[in-house]
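**Q** The structure's right below; bear with me while I get my questions together.
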Amino acid sequence: MSLPVITLHRETSWIEKTFYKRECTYFIPDTEDPDRCCCGRPAHWHGDDIDEVASSNESWLPGLHTEHAPTDAFGTIEFQGTNHPTKAQYVRMSTIDTKSEAVLKLLQKQWGLDLPNLIITMHGGMANFDLSPKMKRSFRKGLVKFAKTTGAWVFTSGVKTGVTRHVSAAFGEGRSKQFKRKLVTIGVVPWGVLANKEQLVGRNITCSHHHGKTAYVQSTLDSHHAYFLLADNGTEGEYGAEVIFRRRIERHLYQQKVSKGINIPMVCVVLEGGMNTIRAVLEYVTDKPPVPVIVCAGSGRAADLISFAYQNATKDGKLPDRLKVILVDAIQDTFTCTEEQAKELCLEITVCLQRKNLITVVNLADENQELDMLILTSILKGTCSSISEQLRLALMWDRVDLAQDYILDRENGQINEPLESVMMEALINDKVDFVKLLLETGVSLHSFLTVNRLEELYNINPQCQFNPVRYFIKGLRKNLFPNYRYTLLDIGLIIDSLMGGAFKSMYSQKEFRQKYVAMRRISSSSSSTTTSRKSMMKQTSYLSDMASSNLFQYPFHDLMLWAVLMNRQQMALFMWQQGEGAMAKALVASNLYKRMAQEADADVLESGISGHLMENAQEFMKLALEFLGHCYHIDVDYTQQLLTDDLINFSNATCITLAVDVMHYDFVAHNCCQNLINDIWMGGLQTRKNSSIKVIAGILFPPFLAMLDYKSKKQLKFMPQTAEEHLEDTVEDEDSDENEENDSYDLDDDSIQQASPVRTLATSSSMPKLSDALKAGQKPPMIRSMSMHIDNQRRLSRQELKSLQKIANEKQRGCNVSVHLKKPLKLTKMTHKFYTAPITKFWFYLITYIAFLVAFSYTVLVRTLPTPAWPEIFVMAYLVSFAAEKCWELAVLVPGPLKIKLRVFASFYWNLWDAVAIVWFTIGVILRFNPSTLNASRIVYTLNIVFFYIRILGILSVNKALGAYSKIIGKLLKHMSYFSIIMFIVTACFGVIRQAVHFQNEEWSWFMLRSVFFYPYWMIYGEIFKEEIDTCTDTDNYPGGCTYGSWVSPLAMFVFLLVIFILLVNLLIARFNATCIRVIPRVREIWKYQRYNVILKYKLSSLLPPPLAVFSLIYQGIKYLIWKCRGREDFCDHGLKIYLTDEEKDKLHEFELQCLEDYVRHKENKLQTSANKRISAISERVTEISAQMDDITVQEKSFRHTLQLADQGVSKLEEIFLKNHEIVKLMGHMVPGFDEFAQSPSRQ
């Protein structure tokens, strides 16, 4: 508790040492009131010791006739009388002794404010005035909208009168809304005019302030201000002390740098106002540097006079003489001043008009003019010259509409300045809208993104306390110093660690690391003093070219990874929408977020971080699923190619493997993924119904292979395959192409009759070649044959015959053409397709595995002989082959060092299960060949066979029914393991009590430990051993009767059974029930997800099952050596991918980009038509209608008032007419002949 007291004392002492108050020390009588001093205080206030100036001609001056003393009024004000009391900080300070630097330090250091992005100084009338409802609404709306985003400081007079009252009302309405930045309103108030200022006297106090009626010369503080600077010059009840002091503070703030090379912008807003307001406008526009001024026309007095002169002035700011006369008369009528004063004010206005470019007039009654936009544009117009500076200010104010509608629209898209610095600031400040705007303007990320800039982005301070990059790098690199700068190599380590498995980010790859190190060497050498200028320029040019063209080929990918690792979700979503690889980027982002959430949850980080990261992961998972469905709806084939396309920028993975890594059940369970998995499962076979029966028949009866259907070469081309299969197909295609060049077919009469009995193809003598027609994109011309003999025969290549066959098949229905040029599939190719299909391997493996279990069961059940029988030899051979296959799987599972291979291998639980089973069996075999441990080996065999029986669950997980329930069993076992610990503790407690009471004279033995758990364990299942509950009733085991304390055991058993049966068992059942309720609805998705890994396992397994797998492995090893000698290192890449040409890849990426644009457009349209959007639009419309109704009500009142005045005028005219009529009558009686004169035609 001592630290806050010390800090408070330091703040108090600093304020008292820095700020002073002023008090009058000389009594100078006022000419109008001799009993009162010129300072405004009465004579008795000064006391008897105060010196009285004898000379009455001397003027009272604050600097001469006052003295300073440490301030005695600072602290916190609590405004009462409102529903939600507000607080404000205040300090009384001298206008003479206070330096502007001290005020800025007070605002920043003591009150914790950041430098503003903008300063607004409000000027206007001090007396209360009214605005029309439309103007009031426009002013408040514009001011609130402006203050929401810009992070401005608003300076006012601070008292609840005049223009400040309207500003306070605007901010009072806006406080209920959520501001992006803290709203800072600073009131500079004269100390002498405050009512009840005695309550504020005190050092670092908290006082209450109530609103109430005050005297005319006194004012109350406004409750919607957060900070008050109480300006004291020693006077009492007089305004003006704050004017020069406020201007000095504003000028000092105006000179501060808010960004690189940019001072804090300032603008003056004029609402109504008096003569002093006109002089203030003159000071602002003639100051150095000048300050832009916004004049609200129609608000009254000074604002209307300035707007009148502004609208009637010429372009050079001159006012015609006749208008000057009108302006002087208007000034006299407005301020009731003398003609000399009016001419002086007119001269000041004309001087202001000479800086017409700094003045902006806004008509608050015009709905097309927005106050906030006019304020910002006036600042840009008056303070900035370059486009980049204007964009940086708009970025600082977070006003993308200003940048789009004013800055860039004014240039008509022709910008000659580099905007990379603006883009960098937009990325650092997480301004997604500005990044989007700059990209639309023409900023290229390929030239923008360099190593230095990307590393700078990773080293910026986070927007929250949690810095993911620093947190994860601490776990990878030890002993980091506080100012350590992260490199891209560090980022690569973080990504690899989070993604897990064999994932290797681009920053961790060997090629990137070599280029990165080379760039750093060049950079360090170019900065040395010994390098010549010419070589430095060459190195710098080489460095920038390599950084822009080689290192970051996909800049949107790199920036999306940066946004994800920095936990900037909106920026990550925007970068996801840009560039290619949208599906892969969404899956990578979701995986990174999910792993970050798991790490944060495991280490119990800041509350809410883990949940927030998981929400971001779920959002990207939803995007990936929706985008997959959108692409699948447009084109099925292209979408399946997207799933297995080789992602060069993401460790050569595929989208489906990324989805499996992130455990995206819904993605893998999608129809597109399942169709692809089914194709992989069937391999080269093309059969759907009764596929398992047909495969089993083919295994048991090989001639049946000829009756099965197989996929064509074109279909197999777009199926995912391993690198080994791709290399073999490439070699086979090259060999077939060579044979096709040497082999051709004679097109004789028989072949033509067989091909087309009605029509024939034209020969070379009458038509162009078929290949030429096909290249031209035309159909080959057909002619009628006069005979079945062709005189000019020529030899057609196989490629032309294939084209002929294709065209004939297309014409078959219309032209009755039947072409039979398809050759039957070769037996070797047919056999290879059948036995390499995963479904065939599965049944082949299952059949041999059942044989293995039968042989193993026979070995265990029969008597163990000294010499192994043939079933046991078969089991040994099977497991040796099985172990060899597991070793091969470990070697080729993923590329990389052994550590990564073991980590990926161990991530599959069945691999660990198999490893334990093999080791266990190996121990049994060792014991088997030792005669002394023959019986021990039998027991080891007996226990070992359990592993292989349970392993059937993993084999049968491809089944729709059994596979899903194996997942449920696994989850239930996980929950049961936690309860087993609790049950073990309870069982041990009761077991020890029972053993200690029943057997009090036992010596130590291991059998005693068995007895501790034996009886309690079986009691869980209902066997309570009622004869042995109490030693007093168990005469068989205790003939001597009761043991000492025999009552303890039944009591402990009562508690034990109560806890076990009533509490734990029912709790376990309830937990099982909850797990089943949660998992069973997703059983189908879980099974589809598991099915991929099982099918992939059989796809990559050897051709022959154990025990014949050894021969396949030897064959694979020989092929590996051959391909390695040929220099093909990618032979060991066992990932399933499609291998497309460059042209096919371009088409695929173009399809993905088109789908992404369509998806984003569809999502935006859906958002615009959503219910919330409609409700918001209706609410805005209702608000507008309500405002219009208010205007109509005001107009109606005005019309009624006018009609009342007209009625009063008519009534007065009637009274005058009646009086005149009476006068006429009276004169007619008094003057003879007056009636005839009044009624004469000449008078009428």
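For the structure tokens, the naming scheme is as follows: chains receive sequential letters (A, B, ...) according to their order of presentation, residues are indexed from 1 within each chain, and ligands are indexed from 1 in presentation order.
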Fewer than 2 positions away in the same chain doesn't count, so skip those; otherwise give me all residues within 12 Å of Leu1108 (chain A), counting only C-alpha atoms, as a VMD selection string.

**A** chain A and resid 844 to 845 848 874 877 to 882 884 to 885 1102 to 1106 1110 to 1115

**Q** Set the distance at 8 Å and use only C-alpha atoms: which residues neighbour region 476-483 of chain A once local chain neighbours fewer than 4 positions away are removed? I'd like the list as a list in words.

**A** Phe472, Leu493 and Ile494 of chain A

**Q** How about saving the chosen residues, N, CA, C and O atoms kept, as a PDB file, in the first residue's frame?

**A**
ATOM      1  N   PHE A 472       5.773 -17.268 -28.196  1.00  0.00           N
ATOM      2  CA  PHE A 472       6.183 -18.550 -28.765  1.00  0.00           C
ATOM      3  C   PHE A 472       7.681 -18.600 -29.056  1.00  0.00           C
ATOM      4  O   PHE A 472       8.265 -19.677 -29.034  1.00  0.00           O
ATOM      5  N   LEU A 493      10.515 -20.738 -37.496  1.00  0.00           N
ATOM      6  CA  LEU A 493      10.498 -21.708 -36.392  1.00  0.00           C
ATOM      7  C   LEU A 493       9.149 -21.714 -35.682  1.00  0.00           C
ATOM      8  O   LEU A 493       8.632 -22.776 -35.301  1.00  0.00           O
ATOM      9  N   ILE A 494       8.564 -20.541 -35.494  1.00  0.00           N
ATOM     10  CA  ILE A 494       7.260 -20.457 -34.826  1.00  0.00           C
ATOM     11  C   ILE A 494       6.191 -21.161 -35.648  1.00  0.00           C
ATOM     12  O   ILE A 494       5.383 -21.952 -35.125  1.00  0.00           O
TER      13      ILE A 494
END

**Q** Out of A:Ser610, A:Glu1023, A:His1201, A:Ser1046, which residue has the shortest atom-to-atom distance to Gln995 (chain A) when counting only C-alpha atoms?

**A**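 Smallest separation from Gln995 (chain A) among the options: A:Ser1046.
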
**Q** Between CA of Asp729 (chain A) and CA of Val1094 (chain A), what distance in Å does the model show, to one decimal?

**A**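 The value is 24.9 Å.
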
**Q** Which residues are close to region 434-442 of chain A, i.e. within 8 Å by only C-alpha atoms, leaving aside same-chain residues fewer than 4 positions away? Reply as a PyMOL selection string.

**A** chain A and resi 395+400+404+413+419+423+426-427

**Q** Using DSSP secondary structure from the backbone, list all alpha helix (DSSP H) positions within region 922-1051 of chain A, as a ChimeraX atom specification.

**A** /A:922-928,934-950,952-955,960-998,1006-1020,1048-1051

**Q** Just to be explicit: take each residue in the selection above, keep C-alpha atoms, and write the result as a JSON list (two decimals), in the first residue's frame.

**A**
[["chain", "number", "residue", "atom", "x", "y", "z"],
["A", 922, "THR", "CA", 10.07, -59.88, -29.57],
["A", 923, "ILE", "CA", 10.46, -60.44, -25.82],
["A", 924, "GLY", "CA", 8.30, -63.54, -26.11],
["A", 925, "VAL", "CA", 10.42, -64.93, -28.97],
["A", 926, "ILE", "CA", 13.61, -64.39, -26.94],
["A", 927, "LEU", "CA", 12.08, -66.24, -24.03],
["A", 928, "ARG", "CA", 10.73, -68.89, -26.42],
["A", 934, "LEU", "CA", 9.48, -71.65, -22.21],
["A", 935, "ASN", "CA", 6.40, -71.32, -20.02],
["A", 936, "ALA", "CA", 7.08, -67.62, -19.51],
["A", 937, "SER", "CA", 7.11, -67.12, -23.27],
["A", 938, "ARG", "CA", 3.71, -68.80, -23.48],
["A", 939, "ILE", "CA", 2.31, -66.24, -21.02],
["A", 940, "VAL", "CA", 3.92, -63.42, -22.97],
["A", 941, "TYR", "CA", 2.35, -64.80, -26.17],
["A", 942, "THR", "CA", -1.00, -65.05, -24.44],
["A", 943, "LEU", "CA", -0.93, -61.42, -23.36],
["A", 944, "ASN", "CA", 0.54, -60.28, -26.65],
["A", 945, "ILE", "CA", -2.28, -61.69, -28.76],
["A", 946, "VAL", "CA", -4.66, -59.25, -27.06],
["A", 947, "PHE", "CA", -2.91, -56.36, -28.83],
["A", 948, "PHE", "CA", -3.50, -57.93, -32.22],
["A", 949, "TYR", "CA", -7.15, -58.74, -31.52],
["A", 950, "ILE", "CA", -7.83, -55.16, -30.45],
["A", 952, "ILE", "CA", -8.90, -55.27, -35.62],
["A", 953, "LEU", "CA", -10.84, -52.16, -34.52],
["A", 954, "GLY", "CA", -8.30, -50.01, -36.37],
["A", 955, "ILE", "CA", -8.46, -52.19, -39.46],
["A", 960, "LYS", "CA", -19.32, -47.00, -41.69],
["A", 961, "ALA", "CA", -20.78, -48.56, -38.53],
["A", 962, "LEU", "CA", -17.71, -49.88, -36.73],
["A", 963, "GLY", "CA", -15.36, -47.02, -37.56],
["A", 964, "ALA", "CA", -17.45, -44.32, -35.87],
["A", 965, "TYR", "CA", -18.03, -46.34, -32.71],
["A", 966, "SER", "CA", -14.34, -47.00, -32.30],
["A", 967, "LYS", "CA", -13.93, -43.23, -32.03],
["A", 968, "ILE", "CA", -16.63, -43.11, -29.35],
["A", 969, "ILE", "CA", -14.93, -45.93, -27.44],
["A", 970, "GLY", "CA", -11.68, -44.01, -27.53],
["A", 971, "LYS", "CA", -13.32, -40.88, -26.07],
["A", 972, "LEU", "CA", -15.07, -42.91, -23.36],
["A", 973, "LEU", "CA", -11.79, -44.57, -22.41],
["A", 974, "LYS", "CA", -10.20, -41.15, -22.10],
["A", 975, "HIS", "CA", -12.91, -39.99, -19.70],
["A", 976, "MET", "CA", -12.82, -43.26, -17.80],
["A", 977, "SER", "CA", -9.09, -42.88, -17.20],
["A", 978, "TYR", "CA", -9.74, -39.71, -15.18],
["A", 979, "PHE", "CA", -12.39, -41.43, -13.08],
["A", 980, "SER", "CA", -10.10, -44.44, -12.61],
["A", 981, "ILE", "CA", -7.71, -42.24, -10.65],
["A", 982, "ILE", "CA", -10.50, -41.19, -8.30],
["A", 983, "MET", "CA", -11.72, -44.77, -7.96],
["A", 984, "PHE", "CA", -8.18, -45.95, -7.27],
["A", 985, "ILE", "CA", -7.87, -43.47, -4.41],
["A", 986, "VAL", "CA", -11.22, -44.48, -2.87],
["A", 987, "THR", "CA", -10.49, -48.19, -3.34],
["A", 988, "ALA", "CA", -7.05, -47.87, -1.78],
["A", 989, "CYS", "CA", -8.50, -46.07, 1.25],
["A", 990, "PHE", "CA", -11.03, -48.80, 1.97],
["A", 991, "GLY", "CA", -8.64, -51.64, 1.08],
["A", 992, "VAL", "CA", -6.00, -50.47, 3.51],
["A", 993, "ILE", "CA", -8.58, -50.09, 6.31],
["A", 994, "ARG", "CA", -10.05, -53.55, 5.69],
["A", 995, "GLN", "CA", -6.65, -55.26, 5.49],
["A", 996, "ALA", "CA", -5.40, -53.52, 8.64],
["A", 997, "VAL", "CA", -8.49, -54.43, 10.68],
["A", 998, "HIS", "CA", -8.91, -58.03, 9.48],
["A", 1006, "TRP", "CA", 3.53, -58.85, -1.89],
["A", 1007, "PHE", "CA", 0.38, -60.91, -1.43],
["A", 1008, "MET", "CA", -0.69, -58.34, 1.15],
["A", 1009, "LEU", "CA", -0.69, -55.65, -1.55],
["A", 1010, "ARG", "CA", -2.88, -57.87, -3.72],
["A", 1011, "SER", "CA", -5.34, -58.32, -0.85],
["A", 1012, "VAL", "CA", -5.63, -54.57, -0.36],
["A", 1013, "PHE", "CA", -7.17, -54.12, -3.81],
["A", 1014, "PHE", "CA", -8.69, -57.54, -4.41],
["A", 1015, "TYR", "CA", -11.82, -57.35, -2.23],
["A", 1016, "PRO", "CA", -12.67, -53.65, -2.79],
["A", 1017, "TYR", "CA", -12.32, -54.04, -6.54],
["A", 1018, "TRP", "CA", -14.82, -56.87, -6.77],
["A", 1019, "MET", "CA", -17.19, -55.04, -4.47],
["A", 1020, "ILE", "CA", -17.54, -52.42, -7.21],
["A", 1048, "VAL", "CA", -14.31, -50.05, 11.79],
["A", 1049, "SER", "CA", -14.33, -52.30, 8.73],
["A", 1050, "PRO", "CA", -18.16, -52.46, 8.24],
["A", 1051, "LEU", "CA", -18.40, -48.71, 8.78]]

**Q** Set the distance at 6 Å and use only C-alpha atoms: which residues neighbour region 86-88 of chain A once local chain neighbours fewer than 5 positions away are removed? I'd like the list as a list of chain:residue names.

**A**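 In the requested form, the answer reads A:Thr76, A:Ile77, A:Glu78, A:Phe79, A:Ala226, A:Tyr227.
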
**Q** Just the number, please: distance in Å from CA of Phe1217 (chain A) to CA of Gln1204 (chain A), one decimal.

**A**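 Distance between the two atoms: 19.6 Å.
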